[in-house]
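Engineer: Please find upload.txt (compact mmCIF, C-alpha atoms) on the next line:
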# COMPACT_ATOMS: atom_id res chain seq x y z
CA MET A 1 25.32 -21.17 9.77
CA PHE A 2 22.89 -19.18 7.57
CA GLU A 3 24.50 -16.50 5.39
CA GLY A 4 23.67 -14.86 2.09
CA ARG A 5 20.79 -13.22 0.23
CA PHE A 6 18.49 -14.93 -2.25
CA GLU A 7 15.58 -13.61 -4.30
CA TYR A 8 12.52 -15.72 -5.08
CA ALA A 9 8.85 -15.41 -5.92
CA LEU A 10 5.94 -17.10 -4.18
CA ASP A 11 4.05 -19.59 -6.30
CA GLU A 12 0.26 -19.51 -6.68
CA LYS A 13 -0.13 -21.57 -3.46
CA ASN A 14 2.03 -19.20 -1.32
CA ARG A 15 5.02 -21.55 -1.34
CA VAL A 16 8.60 -20.38 -1.64
CA SER A 17 11.82 -22.28 -2.14
CA ILE A 18 14.32 -22.34 0.67
CA PRO A 19 17.79 -21.73 -0.79
CA ALA A 20 19.73 -24.95 -1.37
CA LYS A 21 22.59 -23.56 0.73
CA PHE A 22 20.19 -23.18 3.69
CA ARG A 23 18.69 -26.63 3.15
CA GLU A 24 22.19 -28.09 3.36
CA VAL A 25 22.72 -26.40 6.75
CA LEU A 26 19.32 -27.63 7.92
CA ALA A 27 20.06 -31.19 6.83
CA ARG A 28 23.54 -31.18 8.36
CA HIS A 29 22.80 -29.51 11.72
CA TYR A 30 19.03 -29.63 12.27
CA ASP A 31 15.93 -31.53 11.31
CA MET A 32 14.31 -30.11 8.20
CA ASN A 33 11.44 -28.34 9.98
CA LEU A 34 11.31 -24.59 10.42
CA ILE A 35 9.36 -22.57 12.93
CA LEU A 36 8.02 -19.35 11.41
CA THR A 37 6.87 -16.27 13.26
CA ASN A 38 6.47 -12.53 12.81
CA LEU A 39 9.18 -10.11 13.85
CA ASP A 40 10.49 -6.72 12.80
CA GLY A 41 8.30 -6.46 9.68
CA CYS A 42 9.40 -9.78 8.21
CA ILE A 43 8.89 -13.49 8.67
CA VAL A 44 11.57 -15.14 10.78
CA ALA A 45 12.30 -18.84 10.32
CA TYR A 46 14.11 -20.72 13.04
CA PRO A 47 15.29 -24.30 12.89
CA LYS A 48 13.22 -26.18 15.46
CA LYS A 49 16.29 -26.75 17.69
CA GLU A 50 17.03 -22.98 17.81
CA TRP A 51 13.35 -22.23 18.48
CA GLU A 52 13.39 -24.58 21.48
CA ILE A 53 16.37 -22.65 22.91
CA ILE A 54 14.49 -19.35 22.48
CA LYS A 55 11.42 -20.77 24.24
CA GLU A 56 13.59 -22.11 27.08
CA ASN A 57 15.32 -18.76 27.52
CA ILE A 58 12.01 -16.91 27.57
CA SER A 59 10.54 -19.32 30.12
CA LYS A 60 13.49 -18.61 32.48
CA LEU A 61 12.84 -14.88 32.51
CA PRO A 62 11.47 -13.42 35.71
CA SER A 63 8.10 -11.74 35.56
CA VAL A 64 8.24 -9.50 32.52
CA ARG A 65 6.89 -6.00 32.26
CA LYS A 66 3.62 -5.28 30.50
CA GLU A 67 5.24 -4.18 27.20
CA ALA A 68 7.30 -7.37 27.04
CA ARG A 69 4.22 -9.51 27.68
CA SER A 70 2.41 -7.71 24.86
CA PHE A 71 5.32 -8.34 22.53
CA LEU A 72 5.49 -12.02 23.50
CA ARG A 73 1.77 -12.40 22.76
CA PHE A 74 2.36 -11.00 19.30
CA TYR A 75 5.54 -13.05 18.77
CA PHE A 76 4.08 -16.40 19.87
CA SER A 77 0.76 -15.81 18.09
CA GLY A 78 2.57 -15.95 14.75
CA VAL A 79 4.27 -19.29 15.39
CA CYS A 80 3.71 -21.93 12.76
CA GLU A 81 5.64 -25.17 12.30
CA CYS A 82 6.58 -25.40 8.67
CA PRO A 83 8.13 -28.52 7.15
CA ILE A 84 10.15 -28.26 3.96
CA ASP A 85 8.56 -30.31 1.18
CA ARG A 86 10.44 -32.70 -1.12
CA LEU A 87 11.02 -29.86 -3.61
CA GLY A 88 12.63 -27.63 -0.96
CA ARG A 89 9.65 -25.30 -0.48
CA ILE A 90 7.74 -24.04 2.52
CA LEU A 91 4.18 -22.78 2.66
CA ILE A 92 3.88 -19.20 3.91
CA PRO A 93 0.72 -18.95 6.05
CA GLN A 94 -1.60 -16.16 4.93
CA SER A 95 -1.42 -14.39 8.31
CA LEU A 96 2.39 -14.14 8.12
CA LYS A 97 2.28 -13.18 4.45
CA THR A 98 -0.12 -10.35 5.31
CA TYR A 99 1.98 -9.23 8.29
CA ALA A 100 5.17 -9.05 6.19
CA ARG A 101 3.28 -7.38 3.32
CA ILE A 102 4.48 -10.01 0.90
CA VAL A 103 2.73 -9.97 -2.44
CA LYS A 104 4.90 -12.05 -4.77
CA GLU A 105 8.64 -11.31 -4.64
CA VAL A 106 10.65 -12.10 -1.52
CA VAL A 107 14.23 -11.75 -0.36
CA ILE A 108 15.48 -14.53 1.89
CA ILE A 109 18.51 -13.72 4.00
CA GLY A 110 20.65 -15.74 6.36
CA MET A 111 21.09 -14.23 9.81
CA ASN A 112 23.42 -16.71 11.54
CA LYS A 113 21.03 -19.05 13.41
CA LYS A 114 17.84 -17.85 11.74
CA ILE A 115 16.46 -17.02 8.31
CA GLU A 116 14.49 -13.88 7.47
CA ILE A 117 11.94 -13.62 4.67
CA TRP A 118 11.24 -10.06 3.51
CA SER A 119 8.93 -8.59 0.93
CA ARG A 120 11.04 -7.25 -1.93
CA GLU A 121 9.75 -3.71 -1.32
CA LYS A 122 10.48 -3.74 2.41
CA TRP A 123 13.96 -5.20 1.79
CA ASP A 124 14.74 -2.35 -0.61
CA GLU A 125 13.75 0.11 2.16
CA ILE A 126 15.99 -1.69 4.68
CA VAL A 127 18.99 -1.54 2.33
CA LYS A 128 18.40 2.13 1.56
CA GLU A 129 18.14 2.98 5.26
CA ALA A 130 21.20 0.91 6.18
CA THR A 131 23.40 2.55 3.55
CA SER A 132 22.05 6.11 3.32
CA ASP A 133 24.47 7.71 5.79
CA PRO A 134 28.10 6.78 5.05
CA GLU A 135 29.32 8.26 8.36
CA LYS A 136 26.89 6.11 10.34
CA VAL A 137 27.92 3.07 8.32
CA THR A 138 31.56 3.79 9.20
CA GLU A 139 30.65 4.09 12.90
CA ILE A 140 28.75 0.82 12.84
CA VAL A 141 31.51 -1.00 10.96
CA THR A 142 34.05 0.26 13.48
CA GLU A 143 31.83 -0.63 16.45
CA LEU A 144 31.36 -4.17 15.12
CA GLY A 145 35.02 -4.58 14.36
CA LEU A 146 34.49 -5.31 10.68
Can you turn what I pasted into structure tokens?

Structural biologist:
Amino acid sequence: MFEGRFEYALDEKNRVSIPAKFREVLARHYDMNLILTNLDGCIVAYPKKEWEIIKENISKLPSVRKEARSFLRFYFSGVCECPIDRLGRILIPQSLKTYARIVKEVVIIGMNKKIEIWSREKWDEIVKEATSDPEKVTEIVTELGL
């Protein structure tokens, strides 16, 4: 599925290239449309097929508690269908760009069945946090069986 890290810059119209490796996966296993939304300080892009599974799973949940309903309002309010143009780019809606604090430079990472788009600055913070405590890293690696 989606793996790897790629660095790009938004163009003057808020478009960014989707890595060729990811476009190949999208062409082979999905249609070429992505569903974007806000999550965890970044923009998350799901292939439409994966997004439909998420929606189906959410609709099967029993009555959810107040905090979950609040989160779902936030999560679904950011949804935007985003086709990939003939040059392999997507348009980042201003509301999602603002949410993810993206100015110009982005880091696009593959996360198995989804793609995450981070501001360069936020990504640097994530990496620093994830690697700052070698003992914790060892625990996590062991826990995950890596």

Engineer: For CA of Arg101 (chain A) and CA of Asp40 (chain A), quote the distance in Å rounded to one decimal.

Structural biologist: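 Here the two named atoms are 11.9 Å from each other.
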
Engineer: Which residues are close to Arg5 (chain A), i.e. within 8 Å by only C-alpha atoms, leaving aside same-chain residues fewer than 4 positions away? Reply as a list of chain:residue names.

Structural biologist: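 Here the qualifying residues turn out to be A:Val107, A:Ile108, A:Ile109, A:Gly110.
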
Engineer: Show me the residues around (11.3, -22.1, 12.0) - criterion: an atom at most 9 Å away, all atoms listed in the file counted - as a list in words.

Structural biologist: Asn33, Leu34, Ile35, Leu36, Thr37, Val44, Ala45, Tyr46, Pro47, Lys48, Lys49, Glu50, Trp51, Val79, Cys80, Glu81, Cys82, Pro83, Lys114 and Ile115 of chain A

Engineer: Please compute the CA of Thr98 (chain A)-CA of Leu39 (chain A) distance, one decimal, in Å.

Structural biologist: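 CA of Leu39 (chain A) lies at a distance of 12.6 Å from CA of Thr98 (chain A).
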
Engineer: Around the point (9.0, -32.2, -0.6) (coordinates from the file), which residues reach within 12 Å if we count all atoms listed in the file? Answer as a PyMOL selection string.

Structural biologist: chain A and resi 15-18+23+32-33+82-91

Engineer: Tell me, in Å to one decimal, how far CA of Met1 (chain A) is from CA of Trp118 (chain A).

Structural biologist: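 Value for the CA of Met1 (chain A)-CA of Trp118 (chain A) distance: 19.0 Å.
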
Engineer: Region 72-82 of chain A, all listed atoms, 6 Å padding on each side: what axis-aligned box centre and edge lengths in Å to one decimal come out, as lines of an AutoDock Vina configuration file?

Structural biologist:
center_x = 3.7
center_y = -18.2
center_z = 16.1
size_x = 17.8
size_y = 26.4
size_z = 26.8

Engineer: I want to know what sits within 12 Å of region 68-73 of chain A, based on all atoms listed in the file, with residues of the same chain fewer than 3 positions away left out; could you give that as a PyMOL selection string?

Structural biologist: chain A and resi 37-40+54-55+58-59+61-65+76-79

Engineer: Between A:Ile92, A:Val106, A:Val127, A:Cys42, single out the one closest to Ala9 (chain A), counting only C-alpha atoms.

Structural biologist: A:Val106
